[in-house]
file protein-v8.csv (CSV, C-alpha atoms and all ligand atoms)
chain,number,residue,atom,x,y,z
A,77,MET,CA,0.0,0.0,0.0
A,78,SER,CA,1.4,3.4,-0.9
A,79,GLN,CA,1.3,6.0,1.8
A,80,GLN,CA,0.0,9.5,1.0
A,81,LEU,CA,2.4,12.2,2.2
A,82,ALA,CA,1.6,15.7,3.4
A,83,ARG,CA,0.5,18.2,0.8
A,84,ARG,CA,3.2,20.6,1.9
A,85,LEU,CA,5.9,18.1,0.8
A,86,LYS,CA,4.8,18.5,-2.8
A,87,THR,CA,6.3,22.0,-3.0
A,88,VAL,CA,9.6,21.2,-1.3
A,89,LYS,CA,12.7,20.2,-3.2
A,90,PRO,CA,15.4,17.9,-1.8
A,91,SER,CA,18.7,19.6,-1.0
A,92,PRO,CA,20.7,19.6,-4.3
A,93,THR,CA,23.9,20.2,-2.3
A,94,LEU,CA,23.4,17.1,-0.2
A,95,ALA,CA,22.5,15.1,-3.3
A,96,LEU,CA,25.6,16.1,-5.3
A,97,ASN,CA,27.8,15.5,-2.3
A,98,ALA,CA,26.3,12.0,-1.9
A,99,LYS,CA,27.0,11.3,-5.6
A,100,ALA,CA,30.6,12.4,-5.2
A,101,ARG,CA,31.1,10.3,-2.1
A,102,ALA,CA,29.5,7.3,-3.7
A,103,LEU,CA,31.9,7.6,-6.7
A,104,ALA,CA,34.9,8.0,-4.4
A,105,ALA,CA,33.8,5.0,-2.4
A,106,LYS,CA,34.0,3.0,-5.7
A,107,GLY,CA,37.6,4.2,-6.1
A,108,ALA,CA,37.0,7.0,-8.6
A,109,ASP,CA,39.4,10.0,-8.4
A,110,VAL,CA,36.7,12.5,-7.6
A,111,LEU,CA,37.6,16.1,-6.9
A,112,SER,CA,34.8,17.7,-4.9
A,113,PHE,CA,34.1,21.4,-4.8
A,114,ALA,CA,30.5,20.9,-3.8
A,115,ALA,CA,30.7,20.8,-0.1
A,116,GLY,CA,29.9,23.7,2.2
A,117,GLU,CA,32.3,22.7,4.9
A,118,PRO,CA,35.9,23.4,5.9
A,119,ASP,CA,38.4,20.7,5.1
A,120,PHE,CA,40.3,21.4,8.4
A,121,ASP,CA,39.9,19.2,11.5
A,122,THR,CA,37.9,20.5,14.4
A,123,PRO,CA,40.4,22.3,16.7
A,124,THR,CA,41.9,20.1,19.4
A,125,HIS,CA,40.7,22.2,22.4
A,126,ILE,CA,37.1,21.8,21.1
A,127,LYS,CA,37.4,18.0,20.7
A,128,ASP,CA,39.0,17.8,24.1
A,129,ALA,CA,36.1,19.7,25.7
A,130,ILE,CA,33.6,17.3,24.1
A,131,LYS,CA,35.6,14.2,25.2
A,132,ALA,CA,35.9,15.6,28.8
A,133,ALA,CA,32.1,16.2,28.9
A,134,LEU,CA,31.5,12.6,27.7
A,135,ASP,CA,33.9,11.2,30.4
A,136,ALA,CA,32.3,13.3,33.0
A,137,GLY,CA,28.9,11.8,32.1
A,138,PHE,CA,27.4,14.9,30.7
A,139,THR,CA,25.1,12.8,28.6
A,140,LYS,CA,21.6,13.7,29.9
A,141,TYR,CA,19.0,16.1,28.6
A,142,THR,CA,19.8,19.7,29.0
A,143,ALA,CA,17.5,22.7,28.9
A,144,THR,CA,15.9,22.8,25.5
A,145,GLY,CA,17.3,26.2,24.6
A,146,GLY,CA,20.9,25.3,25.7
A,147,ILE,CA,23.0,25.1,28.8
A,148,PRO,CA,23.2,28.4,30.7
A,149,GLU,CA,27.0,28.7,30.4
A,150,LEU,CA,26.8,28.4,26.6
A,151,LYS,CA,24.0,30.9,26.3
A,152,SER,CA,25.9,33.3,28.4
A,153,ALA,CA,29.1,32.8,26.3
A,154,ILE,CA,27.0,33.5,23.2
A,155,CYS,CA,25.8,36.8,24.8
A,156,ASP,CA,29.4,37.7,25.6
A,157,LYS,CA,30.5,36.9,22.1
A,158,LEU,CA,27.7,38.9,20.5
A,159,LEU,CA,28.7,41.9,22.7
A,160,ARG,CA,32.5,41.5,22.3
A,161,GLU,CA,32.6,40.8,18.6
A,162,ASN,CA,29.4,42.2,17.2
A,163,GLN,CA,28.6,45.0,19.7
A,164,LEU,CA,25.1,43.6,20.1
A,165,THR,CA,23.5,43.3,23.5
A,166,PHE,CA,21.3,40.2,24.2
A,167,THR,CA,20.2,38.5,27.4
A,168,PRO,CA,20.2,34.7,27.7
A,169,ASP,CA,16.4,34.6,27.3
A,170,GLN,CA,16.9,36.1,23.9
A,171,VAL,CA,19.1,33.2,22.8
A,172,ILE,CA,18.3,29.7,21.6
A,173,VAL,CA,20.9,27.0,20.9
A,174,SER,CA,19.9,24.6,18.2
A,175,THR,CA,21.2,21.6,16.2
A,176,GLY,CA,22.9,23.7,13.6
A,177,GLY,CA,22.1,27.1,12.2
A,178,LYS,CA,19.8,25.2,9.9
A,179,GLN,CA,17.5,24.2,12.8
A,180,ALA,CA,17.5,27.7,14.1
A,181,PHE,CA,16.2,28.9,10.7
A,182,SER,CA,13.7,26.1,10.5
A,183,ASN,CA,12.4,26.8,14.0
A,184,CYS,CA,12.2,30.5,13.2
A,185,PHE,CA,10.1,30.0,10.0
A,186,GLN,CA,7.8,27.5,11.8
A,187,ALA,CA,7.3,29.9,14.6
A,188,LEU,CA,6.8,33.0,12.4
A,189,LEU,CA,4.7,31.9,9.4
A,190,SER,CA,1.1,31.2,8.8
A,191,PRO,CA,-0.1,30.0,5.4
A,192,GLY,CA,0.5,32.6,2.7
A,193,ASP,CA,2.9,34.7,4.8
A,194,GLU,CA,6.0,35.8,2.8
A,195,VAL,CA,9.7,35.9,3.4
A,196,VAL,CA,11.9,38.0,1.2
A,197,ILE,CA,15.0,36.2,0.1
A,198,PHE,CA,17.7,37.6,-2.1
A,199,SER,CA,19.0,35.5,-4.9
A,200,PRO,CA,21.5,33.9,-5.3
A,201,TYR,CA,20.4,32.3,-2.0
A,202,TRP,CA,21.4,29.4,0.2
A,203,VAL,CA,19.4,26.5,-1.1
A,204,SER,CA,17.6,25.8,2.2
A,205,TYR,CA,16.0,29.2,2.8
A,206,PRO,CA,13.1,28.9,0.3
A,207,GLU,CA,12.5,25.3,1.1
A,208,MET,CA,12.3,25.8,4.8
A,209,VAL,CA,9.9,28.7,4.2
A,210,ARG,CA,7.7,26.4,2.1
A,211,LEU,CA,7.9,23.7,4.8
A,212,ALA,CA,6.5,26.2,7.2
A,213,ASP,CA,3.6,26.9,4.8
A,214,GLY,CA,5.1,30.3,3.9
A,215,GLU,CA,6.0,31.7,0.5
A,216,PRO,CA,9.5,32.7,-0.5
A,217,LYS,CA,9.5,36.1,-2.3
A,218,ILE,CA,12.7,36.0,-4.3
A,219,VAL,CA,14.5,39.3,-5.1
A,220,ASP,CA,17.2,39.0,-7.7
A,221,THR,CA,20.6,40.6,-7.3
A,222,GLN,CA,23.3,41.0,-10.1
A,223,ALA,CA,26.9,40.0,-10.3
A,224,SER,CA,27.7,43.5,-11.8
A,225,ASP,CA,26.6,45.1,-8.5
A,226,ASN,CA,28.7,42.6,-6.5
A,227,TRP,CA,25.3,40.9,-5.7
A,228,THR,CA,24.1,43.9,-3.7
A,229,PRO,CA,20.3,44.0,-3.1
A,230,ASP,CA,18.7,47.0,-4.7
A,231,PRO,CA,16.6,49.0,-2.2
A,232,LYS,CA,14.0,49.8,-4.8
A,233,GLU,CA,13.6,46.1,-5.5
A,234,LEU,CA,13.3,45.4,-1.8
A,235,ARG,CA,10.6,48.0,-1.5
A,236,ARG,CA,8.7,46.5,-4.4
A,237,ALA,CA,8.9,43.0,-2.8
A,238,LEU,CA,7.6,44.0,0.6
A,239,SER,CA,3.8,43.5,1.2
A,240,PRO,CA,1.5,43.4,4.1
A,241,ARG,CA,2.1,39.6,4.0
A,242,THR,CA,5.9,40.0,4.4
A,243,ARG,CA,6.9,38.6,7.8
A,244,ALA,CA,10.7,38.5,7.4
A,245,VAL,CA,13.6,39.5,5.2
A,246,VAL,CA,16.8,37.4,5.2
A,247,PHE,CA,20.3,38.8,4.8
A,248,ASN,CA,23.3,36.6,4.3
A,249,SER,CA,26.7,38.5,4.1
A,250,PRO,CA,29.2,37.1,3.4
A,251,SER,CA,27.0,35.1,1.2
A,252,ASN,CA,26.6,31.5,0.3
A,253,PRO,CA,26.9,31.0,-2.7
A,254,THR,CA,28.5,34.3,-4.0
A,255,GLY,CA,31.0,35.1,-1.2
A,256,ALA,CA,29.8,38.7,-1.5
A,257,VAL,CA,29.7,41.1,1.4
A,258,ILE,CA,27.0,43.8,1.3
A,259,SER,CA,28.8,47.2,1.9
A,260,ARG,CA,27.9,49.4,4.8
A,261,PRO,CA,26.3,52.2,2.6
A,262,ALA,CA,24.2,49.5,0.8
A,263,LEU,CA,23.1,48.0,4.0
A,264,GLU,CA,22.1,51.5,5.3
A,265,ALA,CA,20.0,52.1,2.2
A,266,LEU,CA,18.3,48.7,2.7
A,267,ALA,CA,17.7,49.5,6.4
A,268,GLU,CA,16.0,52.8,5.4
A,269,VAL,CA,13.5,50.8,3.3
A,270,LEU,CA,12.9,48.4,6.2
A,271,ARG,CA,12.2,51.2,8.6
A,272,GLY,CA,8.9,51.6,6.8
A,273,HIS,CA,7.9,48.0,7.1
A,274,ASP,CA,7.3,46.2,10.3
A,275,CYS,CA,8.7,42.7,9.8
A,276,LEU,CA,11.5,40.6,11.3
A,277,ILE,CA,14.9,41.1,9.9
A,278,ILE,CA,17.1,38.0,9.9
A,279,THR,CA,20.8,38.2,9.5
A,280,ASP,CA,22.6,35.0,8.7
A,281,ASP,CA,26.1,35.6,10.0
A,282,ILE,CA,27.4,32.1,9.7
A,283,TYR,CA,30.3,33.2,7.5
A,284,GLU,CA,31.3,36.2,9.6
A,285,ARG,CA,34.8,34.9,10.5
A,286,LEU,CA,35.6,33.9,6.9
A,287,LEU,CA,36.2,37.4,5.7
A,288,TYR,CA,39.1,38.5,3.4
A,289,ILE,CA,38.4,42.3,3.0
A,290,ASP,CA,40.0,44.9,5.2
A,291,GLU,CA,36.9,45.9,7.0
A,292,PRO,CA,35.7,44.1,10.2
A,293,PHE,CA,32.5,42.2,10.0
A,294,PHE,CA,29.2,44.1,10.4
A,295,ASN,CA,25.5,43.3,10.0
A,296,ILE,CA,22.3,45.3,9.6
A,297,ALA,CA,21.9,45.7,13.4
A,298,ASN,CA,25.3,47.3,13.5
A,299,VAL,CA,24.6,49.8,10.7
A,300,ALA,CA,21.0,50.5,11.8
A,301,PRO,CA,20.9,50.1,15.6
A,302,ASP,CA,17.3,51.3,15.6
A,303,LEU,CA,16.4,48.0,13.8
A,304,ALA,CA,18.3,45.8,16.3
A,305,PRO,CA,15.2,45.1,18.4
A,306,ARG,CA,13.5,43.4,15.5
A,307,THR,CA,16.6,41.7,14.2
A,308,LEU,CA,17.2,37.9,14.6
A,309,VAL,CA,20.9,37.0,14.4
A,310,VAL,CA,21.5,33.4,13.2
A,311,ASN,CA,24.9,31.9,13.6
A,312,GLY,CA,26.6,28.6,14.2
A,313,PHE,CA,29.8,26.7,14.8
A,314,SER,CA,30.0,24.7,11.5
A,315,LYS,CA,31.9,27.1,9.3
A,316,ALA,CA,34.0,29.1,11.8
A,317,PHE,CA,35.1,26.2,13.9
A,318,SER,CA,35.0,23.4,11.4
A,319,MET,CA,32.2,21.6,13.4
A,320,THR,CA,29.8,20.8,10.5
A,321,GLY,CA,29.0,17.3,11.6
A,322,LEU,CA,28.7,18.1,15.2
A,323,ARG,CA,25.6,20.2,14.5
A,324,LEU,CA,25.5,23.3,16.7
A,325,GLY,CA,24.1,26.7,16.0
A,326,TYR,CA,22.1,29.5,17.7
A,327,ALA,CA,19.9,32.4,17.2
A,328,ALA,CA,19.5,35.6,19.2
A,329,GLY,CA,16.7,38.1,18.8
A,330,PRO,CA,13.3,39.3,20.0
A,331,LYS,CA,12.1,37.5,23.1
A,332,GLU,CA,8.8,36.5,21.6
A,333,VAL,CA,10.4,35.1,18.5
A,334,ILE,CA,12.9,33.1,20.6
A,335,ALA,CA,10.1,31.8,22.8
A,336,GLY,CA,8.2,30.7,19.7
A,337,MET,CA,11.3,28.9,18.4
A,338,GLN,CA,11.8,27.3,21.8
A,339,LEU,CA,8.2,26.0,21.8
A,340,ILE,CA,8.8,24.3,18.4
A,341,GLN,CA,12.1,22.9,19.6
A,342,ASP,CA,10.6,21.7,22.9
A,343,GLN,CA,8.0,19.7,21.0
A,344,SER,CA,10.3,18.4,18.2
A,345,THR,CA,14.0,17.8,19.0
A,346,SER,CA,14.6,19.2,22.5
A,347,ASN,CA,18.2,20.3,23.2
A,348,ALA,CA,21.2,20.2,20.9
A,349,SER,CA,23.6,17.4,21.9
A,350,SER,CA,24.7,18.0,25.5
A,351,VAL,CA,28.4,17.2,24.9
A,352,ILE,CA,28.6,19.2,21.7
A,353,GLN,CA,27.3,22.2,23.6
A,354,LYS,CA,30.4,21.9,25.8
A,355,GLY,CA,32.4,21.9,22.6
A,356,GLY,CA,30.7,25.1,21.5
A,357,LEU,CA,31.5,26.7,24.9
A,358,ALA,CA,35.2,25.8,24.3
A,359,ALA,CA,35.0,27.2,20.8
A,360,LEU,CA,33.7,30.6,22.0
A,361,THR,CA,36.0,30.9,25.0
A,362,GLY,CA,39.2,29.1,23.7
A,363,PRO,CA,42.2,30.1,21.6
A,364,THR,CA,41.5,31.6,18.1
A,365,ALA,CA,44.9,30.6,16.6
A,366,PRO,CA,43.5,27.4,14.8
A,367,ILE,CA,40.7,29.5,13.3
A,368,ASP,CA,43.2,32.2,12.2
A,369,GLU,CA,45.3,29.5,10.5
A,370,MET,CA,42.2,28.2,8.6
A,371,VAL,CA,41.2,31.6,7.5
A,372,LYS,CA,44.7,32.3,6.2
A,373,ALA,CA,44.6,29.1,4.1
A,374,PHE,CA,41.2,30.0,2.7
A,375,ALA,CA,42.4,33.5,1.8
A,376,ARG,CA,45.3,32.0,-0.2
A,377,ARG,CA,43.1,29.5,-1.9
A,378,ARG,CA,40.6,32.1,-2.9
A,379,LEU,CA,43.2,33.9,-4.9
A,380,LEU,CA,44.5,30.7,-6.4
A,381,MET,CA,41.0,29.4,-7.5
A,382,THR,CA,39.8,32.8,-8.7
A,383,GLY,CA,43.0,33.3,-10.7
A,384,LEU,CA,42.7,29.8,-12.3
A,385,LEU,CA,39.0,30.2,-13.2
A,386,ASN,CA,39.6,33.6,-14.8
A,387,LYS,CA,42.2,32.1,-17.1
A,388,ILE,CA,39.6,29.8,-18.7
A,389,PRO,CA,38.1,31.3,-21.9
A,390,GLY,CA,34.4,32.2,-21.4
A,391,VAL,CA,34.6,32.0,-17.6
A,392,LYS,CA,34.5,35.1,-15.3
A,393,CYS,CA,34.8,35.0,-11.6
A,394,ARG,CA,34.7,37.9,-9.1
A,395,LEU,CA,37.0,37.7,-6.2
A,396,PRO,CA,34.8,36.6,-3.3
A,397,ASP,CA,34.9,38.9,-0.2
A,398,GLY,CA,34.2,36.1,2.3
A,399,ALA,CA,32.9,32.6,2.8
A,400,PHE,CA,34.7,29.8,0.8
A,401,TYR,CA,33.0,29.9,-2.6
A,402,CYS,CA,34.0,31.1,-6.1
A,403,PHE,CA,30.7,31.8,-7.9
A,404,ALA,CA,31.9,31.6,-11.5
A,405,ASP,CA,29.9,33.1,-14.4
A,406,VAL,CA,29.7,30.4,-17.1
A,407,GLY,CA,27.0,32.1,-19.1
A,408,GLU,CA,29.1,32.1,-22.2
A,409,LEU,CA,29.5,28.3,-22.1
A,410,ILE,CA,25.7,27.7,-21.9
A,411,GLY,CA,24.3,26.9,-25.3
A,412,LYS,CA,27.6,25.5,-26.6
A,413,SER,CA,27.9,21.9,-27.8
A,414,TYR,CA,29.7,19.1,-25.9
A,415,LYS,CA,30.0,15.7,-27.6
A,416,GLY,CA,27.3,16.7,-30.1
A,417,ALA,CA,24.7,17.8,-27.5
A,418,MET,CA,23.9,21.3,-26.3
A,419,VAL,CA,25.0,22.3,-22.8
A,420,SER,CA,21.5,23.5,-21.9
A,421,GLY,CA,22.2,25.1,-18.5
A,422,SER,CA,24.2,25.1,-15.4
A,423,MET,CA,22.5,21.9,-14.2
A,424,ARG,CA,23.6,20.0,-17.4
A,425,LEU,CA,27.1,21.5,-17.1
A,426,SER,CA,27.4,20.3,-13.5
A,427,GLU,CA,26.2,16.8,-14.6
A,428,ILE,CA,28.9,16.6,-17.3
A,429,LEU,CA,31.5,17.8,-14.9
A,430,ILE,CA,30.8,15.0,-12.4
A,431,ASP,CA,30.0,12.3,-14.9
A,432,ASP,CA,32.9,12.8,-17.4
A,433,PHE,CA,35.5,14.8,-15.4
A,434,LEU,CA,34.9,13.6,-11.9
A,435,VAL,CA,34.5,17.2,-10.7
A,436,ALA,CA,31.7,18.0,-8.3
A,437,ALA,CA,30.6,21.6,-8.4
A,438,MET,CA,27.1,23.1,-7.7
A,439,PRO,CA,25.0,24.5,-10.6
A,440,GLY,CA,23.9,28.1,-10.1
A,441,GLU,CA,20.3,27.2,-11.0
A,442,VAL,CA,19.8,25.7,-7.5
A,443,PHE,CA,20.8,29.0,-5.9
A,444,GLY,CA,18.4,30.9,-8.1
A,445,ALA,CA,21.2,32.1,-10.5
A,446,GLU,CA,21.3,30.3,-13.8
A,447,GLY,CA,24.5,30.7,-15.8
A,448,PHE,CA,26.8,30.3,-12.8
A,449,ILE,CA,28.7,27.4,-11.1
A,450,ARG,CA,29.8,27.4,-7.4
A,451,PHE,CA,33.2,26.0,-6.6
A,452,SER,CA,34.1,25.7,-2.9
A,453,PHE,CA,37.7,26.4,-2.1
A,454,ALA,CA,37.5,24.6,1.2
A,455,THR,CA,39.9,22.0,-0.2
A,456,GLY,CA,43.6,21.7,-0.7
A,457,ASP,CA,45.7,23.7,-3.2
A,458,ALA,CA,46.6,20.6,-5.2
A,459,ASN,CA,42.9,19.6,-5.5
A,460,ILE,CA,42.1,23.1,-6.7
A,461,GLU,CA,44.8,23.0,-9.3
A,462,ARG,CA,43.8,19.6,-10.6
A,463,GLY,CA,40.1,20.2,-10.4
A,464,ILE,CA,40.1,23.6,-12.2
A,465,ALA,CA,42.5,22.0,-14.9
A,466,ARG,CA,39.8,19.4,-15.5
A,467,PHE,CA,37.2,22.1,-15.8
A,468,ALA,CA,39.4,23.9,-18.3
A,469,ASP,CA,39.8,20.6,-20.2
A,470,PHE,CA,36.0,20.4,-20.4
A,471,VAL,CA,35.7,24.0,-21.6
A,472,SER,CA,38.3,23.3,-24.3
A,473,GLN,CA,36.1,20.5,-25.7
A,474,LEU,CA,33.1,22.8,-26.2
A,475,SER,CA,32.3,24.0,-29.7
A,501,LIG,C1,24.3,30.5,4.4
A,501,LIG,C2,24.2,29.4,5.4
A,501,LIG,N1,23.4,29.5,6.5
A,501,LIG,C3,23.3,28.5,7.4
A,501,LIG,C4,23.9,27.3,7.2
A,501,LIG,C5,23.6,26.3,8.2
A,501,LIG,O1,24.7,25.6,8.7
A,501,LIG,P1,24.7,24.7,10.0
A,501,LIG,O2,23.3,24.1,10.0
A,501,LIG,O3,25.7,23.6,9.7
A,501,LIG,O4,25.0,25.5,11.2
A,501,LIG,C6,24.7,27.1,6.0
A,501,LIG,C7,25.3,25.8,5.8
A,501,LIG,O5,25.6,25.4,4.7
A,501,LIG,C8,24.8,28.1,5.1
A,501,LIG,O6,25.6,28.0,4.0
call {"tool": "encode", "arguments": {"input": "protein-v8.csv", "output": "C-alpha cells"}}
result
Amino acid sequence: MSQQLARRLKTVKPSPTLALNAKARALAAKGADVLSFAAGEPDFDTPTHIKDAIKAALDAGFTKYTATGGIPELKSAICDKLLRENQLTFTPDQVIVSTGGKQAFSNCFQALLSPGDEVVIFSPYWVSYPEMVRLADGEPKIVDTQASDNWTPDPKELRRALSPRTRAVVFNSPSNPTGAVISRPALEALAEVLRGHDCLIITDDIYERLLYIDEPFFNIANVAPDLAPRTLVVNGFSKAFSMTGLRLGYAAGPKEVIAGMQLIQDQSTSNASSVIQKGGLAALTGPTAPIDEMVKAFARRRLLMTGLLNKIPGVKCRLPDGAFYCFADVGELIGKSYKGAMVSGSMRLSEILIDDFLVAAMPGEVFGAEGFIRFSFATGDANIERGIARFADFVSQLS
C-alpha cells in the first residue's frame, strides 16, 4: 500500500547540495578519483581544544537532557561573544541553541509563518531558505541581485517586494553562494526601506569569520541600531570552527520570537547534543589561533582558485569577499555543444563535470542564479589546481 504524504511536501525540493555530495562520495567509495568542490564545509579538522572539551564532557557523564534552549553557560558565552565581537546586547532569554544554524532557521520560520505569509530572500540564495519557508507553509519572495553590483540587493527592488504579508527579510553576508559582502552604505539604504515596514529582519552571520576584506564584520543591526530590536541573528559553529557534523548553531533576537522557536524545539528535537554544547563553549572561549590559520589558508586558496578560473576562456569570476566559494559566471558556455549535444544550462554543465570529469561543483540554478557554477575552495591547493584544470579541459572541448 502506498502512503499518502503531506501536501506541503509536494512544494519542497530535496537539497541539491546534499545530493551532489552524496553522488561524489559514492563515486569516491568505488575508487574514482573524484575532486569535490561541492561541499559547504571546511576541510580542516575541528580544533583540538574543542574536541578535548567534548571528550571531557563525555567522560564526566554529561550525557543527559539539557534545557531545550541550551546550557546556561553556553547561552551566556553566546551573549558575551555577541557583545564583544558584534557590539550587540542580548540577554540569555533572547538566545536559543539549536542543532545547527539550519535548525534555528527552520524553528524561526515554523514559529513565524502562517499559510500565505511571505519571506523576502535575495537570490542567489542558500538553497535551504526557500524550502524551509515552504515547509512552514510560507511563500518565499525572491528578489534577484546582479553580479555586476557585487550581488548587492537594490533597495527599490526590496521596497517593491515588501507587502502586508511579508513577515521577514533574510540577509546573508558574506553570502553562500556568492561570497559577496553587502557594503555598509548599501546596508544602510536597505535598512532605510525596512524602517517603513514592520517585519522581522534575519541576518545569517554564519560566514562572519571567513572574511578577506580589510573591514571588520558588520551586519544590519550594526549599521542600523534602531532596527536591532527586530533583528534575529542566526549563527553557528559549523563554518567558523569546522564543526559541521557536530551540528551546533544558535539564534539571538526578540524574546517572543525566541520563545516561539523554543516551543517548536521543545516539541520536536529538544536540546542540541549535551556534549557538543560543551564543545561550543570551548570554541567561543578558547584560543583563536587554529581559526586564524584556517582563514589564512582560505584567503590564499581564494586567490588561487579565482585566478585559475579567470584564465579559462568564457569563464568570469569575481574575487569573493568572504565565505569559501567562487561563484563563476559560465553564461558564455551555456548553449555551446559538448560531444554533439547542447549544454542547456548550469545543471547540465554540473552533470557533465561529475560524470565525465569527476569534478563536483554546484550549478547556479539551484541557488536561483542560472549561468553560474559554485566551486568551494574549502579543499587543498593541489585539488584546486587539478580540479580547475579538469574544468578547463571540459571547456576546451566545447564548440
Ligand atoms: C548560508 C548558510 N546559512 C546557514 C547554514 C547552516 O549551517 P549549519 O546548520 O551547519 O549551522 C549554512 C550551511 O551550509 C549556510 O551556507
call {"tool": "closest_residue", "arguments": {"input": "protein-v8.csv", "among": "A:Pro253, A:Gly107, A:Gly146, A:Pro200", "to": "ligand LIG 501 (chain A)", "atoms": "only C-alpha atoms and all ligand atoms"}}
result
A:Pro253
call {"tool": "closest_residue", "arguments": {"input": "protein-v8.csv", "among": "A:Asp230, A:Ala262, A:Tyr141, A:Ala114", "to": "Ile449 of chain A", "atoms": "only C-alpha atoms"}}
result
A:Ala114
call {"tool": "residues_near_ligand", "arguments": {"input": "protein-v8.csv", "ligand": "ligand LIG 501 (chain A)", "cutoff": "6 Å", "atoms": "all atoms listed in the file", "output": "ChimeraX atom specification"}}
result
/A:116,176-178,202,252,280,282,312,314,320,323-325
call {"tool": "closest_residue", "arguments": {"input": "protein-v8.csv", "among": "A:Ala223, A:Thr228, A:Arg235, A:Phe181", "to": "Val196 of chain A", "atoms": "only C-alpha atoms"}}
result
A:Arg235
call {"tool": "residues_near_point", "arguments": {"input": "protein-v8.csv", "point": "(27.0, 27.6, 29.1)", "cutoff": "12 Å", "atoms": "all atoms listed in the file", "output": "ChimeraX atom specification"}}
result
/A:142-143,145-156,168,171-173,350-361
call {"tool": "closest_residue", "arguments": {"input": "protein-v8.csv", "among": "A:Met319, A:Ala465, A:Ala129, A:Ala417", "to": "Leu384 of chain A", "atoms": "all atoms listed in the file"}}
result
A:Ala465
call {"tool": "residues_around", "arguments": {"input": "protein-v8.csv", "residues": "Gly192 of chain A", "least_positions_apart": "4", "cutoff": "10 Å", "atoms": "all atoms listed in the file", "output": "MDAnalysis selection string"}}
result
chainID A and resid 210 212:216 241:242
call {"tool": "closest_residue", "arguments": {"input": "protein-v8.csv", "among": "A:Phe374, A:Phe120, A:Tyr401, A:Phe113", "to": "Pro250 of chain A", "atoms": "only C-alpha atoms"}}
result
A:Tyr401
call {"tool": "atom_distance", "arguments": {"input": "protein-v8.csv", "atom1": "atom CA of Asp274 of chain A", "atom2": "atom CA of Val195 of chain A"}}
result
12.6 Å
call {"tool": "closest_residue", "arguments": {"input": "protein-v8.csv", "among": "A:Tyr283, A:Leu111, A:Thr93, A:Lys415", "to": "Val435 of chain A", "atoms": "all atoms listed in the file"}}
result
A:Leu111
call {"tool": "residues_around", "arguments": {"input": "protein-v8.csv", "residues": "Leu96 of chain A", "least_positions_apart": "4", "cutoff": "10 Å", "atoms": "all atoms listed in the file", "output": "ChimeraX atom specification"}}
result
/A:91-92,100-102,112,114-115,426-427,430,436-439
call {"tool": "residues_around", "arguments": {"input": "protein-v8.csv", "residues": "Tyr414 of chain A", "least_positions_apart": "2", "cutoff": "12 Å", "atoms": "all atoms listed in the file", "output": "NGL selection string"}}
result
:A and (409-412 or 416-420 or 424-425 or 428-429 or 432 or 469-475)
call {"tool": "write_last_selection", "arguments": {"input": "protein-v8.csv", "atoms": "C-alpha atoms", "output": "mmCIF file, keeping the file's coordinate frame"}}
result
data_model
loop_
_atom_site.group_PDB
_atom_site.id
_atom_site.type_symbol
_atom_site.label_atom_id
_atom_site.label_comp_id
_atom_site.auth_asym_id
_atom_site.auth_seq_id
_atom_site.Cartn_x
_atom_site.Cartn_y
_atom_site.Cartn_z
ATOM 1 C CA LEU A 409 29.500 28.300 -22.100
ATOM 2 C CA ILE A 410 25.700 27.700 -21.900
ATOM 3 C CA GLY A 411 24.300 26.900 -25.300
ATOM 4 C CA LYS A 412 27.600 25.500 -26.600
ATOM 5 C CA GLY A 416 27.300 16.700 -30.100
ATOM 6 C CA ALA A 417 24.700 17.800 -27.500
ATOM 7 C CA MET A 418 23.900 21.300 -26.300
ATOM 8 C CA VAL A 419 25.000 22.300 -22.800
ATOM 9 C CA SER A 420 21.500 23.500 -21.900
ATOM 10 C CA ARG A 424 23.600 20.000 -17.400
ATOM 11 C CA LEU A 425 27.100 21.500 -17.100
ATOM 12 C CA ILE A 428 28.900 16.600 -17.300
ATOM 13 C CA LEU A 429 31.500 17.800 -14.900
ATOM 14 C CA ASP A 432 32.900 12.800 -17.400
ATOM 15 C CA ASP A 469 39.800 20.600 -20.200
ATOM 16 C CA PHE A 470 36.000 20.400 -20.400
ATOM 17 C CA VAL A 471 35.700 24.000 -21.600
ATOM 18 C CA SER A 472 38.300 23.300 -24.300
ATOM 19 C CA GLN A 473 36.100 20.500 -25.700
ATOM 20 C CA LEU A 474 33.100 22.800 -26.200
ATOM 21 C CA SER A 475 32.300 24.000 -29.700
#
call {"tool": "closest_atom_pairs", "arguments": {"input": "protein-v8.csv", "of": "segment 165-270 of chain A", "to": "segment 327-346 of chain A", "cutoff": "8 Å", "atoms": "all atoms listed in the file", "output": "JSON lines"}}
result
{"residue": "A:Phe166", "atom": "CA", "partner": "A:Ala328", "partner_atom": "CA", "distance": 7.0}
{"residue": "A:Asp169", "atom": "CA", "partner": "A:Lys331", "partner_atom": "CA", "distance": 6.7}
{"residue": "A:Gln170", "atom": "CA", "partner": "A:Lys331", "partner_atom": "CA", "distance": 5.1}
{"residue": "A:Val171", "atom": "CA", "partner": "A:Ala328", "partner_atom": "CA", "distance": 4.3}
{"residue": "A:Ile172", "atom": "CA", "partner": "A:Ala327", "partner_atom": "CA", "distance": 5.4}
{"residue": "A:Val173", "atom": "CA", "partner": "A:Ala327", "partner_atom": "CA", "distance": 6.6}
{"residue": "A:Ser174", "atom": "CA", "partner": "A:Ala327", "partner_atom": "CA", "distance": 7.9}
{"residue": "A:Gly177", "atom": "CA", "partner": "A:Ala327", "partner_atom": "CA", "distance": 7.6}
{"residue": "A:Ala180", "atom": "CA", "partner": "A:Ala327", "partner_atom": "CA", "distance": 6.1}
{"residue": "A:Asn183", "atom": "CA", "partner": "A:Met337", "partner_atom": "CA", "distance": 5.0}
{"residue": "A:Cys184", "atom": "CA", "partner": "A:Met337", "partner_atom": "CA", "distance": 5.5}
{"residue": "A:Gln186", "atom": "CA", "partner": "A:Ile340", "partner_atom": "CA", "distance": 7.4}
{"residue": "A:Ala187", "atom": "CA", "partner": "A:Gly336", "partner_atom": "CA", "distance": 5.2}
{"residue": "A:Leu188", "atom": "CA", "partner": "A:Val333", "partner_atom": "CA", "distance": 7.4}
call {"tool": "atom_distance", "arguments": {"input": "protein-v8.csv", "atom1": "atom CA of Ala237 of chain A", "atom2": "atom CA of Ile278 of chain A"}}
result
15.9 Å
call {"tool": "axis_aligned_box", "arguments": {"input": "protein-v8.csv", "around": "segment 117-134 of chain A", "padding_each_side": "5 Å", "output": "JSON"}}
result
{"center_x": 36.7, "center_y": 18.0, "center_z": 16.9, "size_x": 20.4, "size_y": 20.8, "size_z": 34.0}
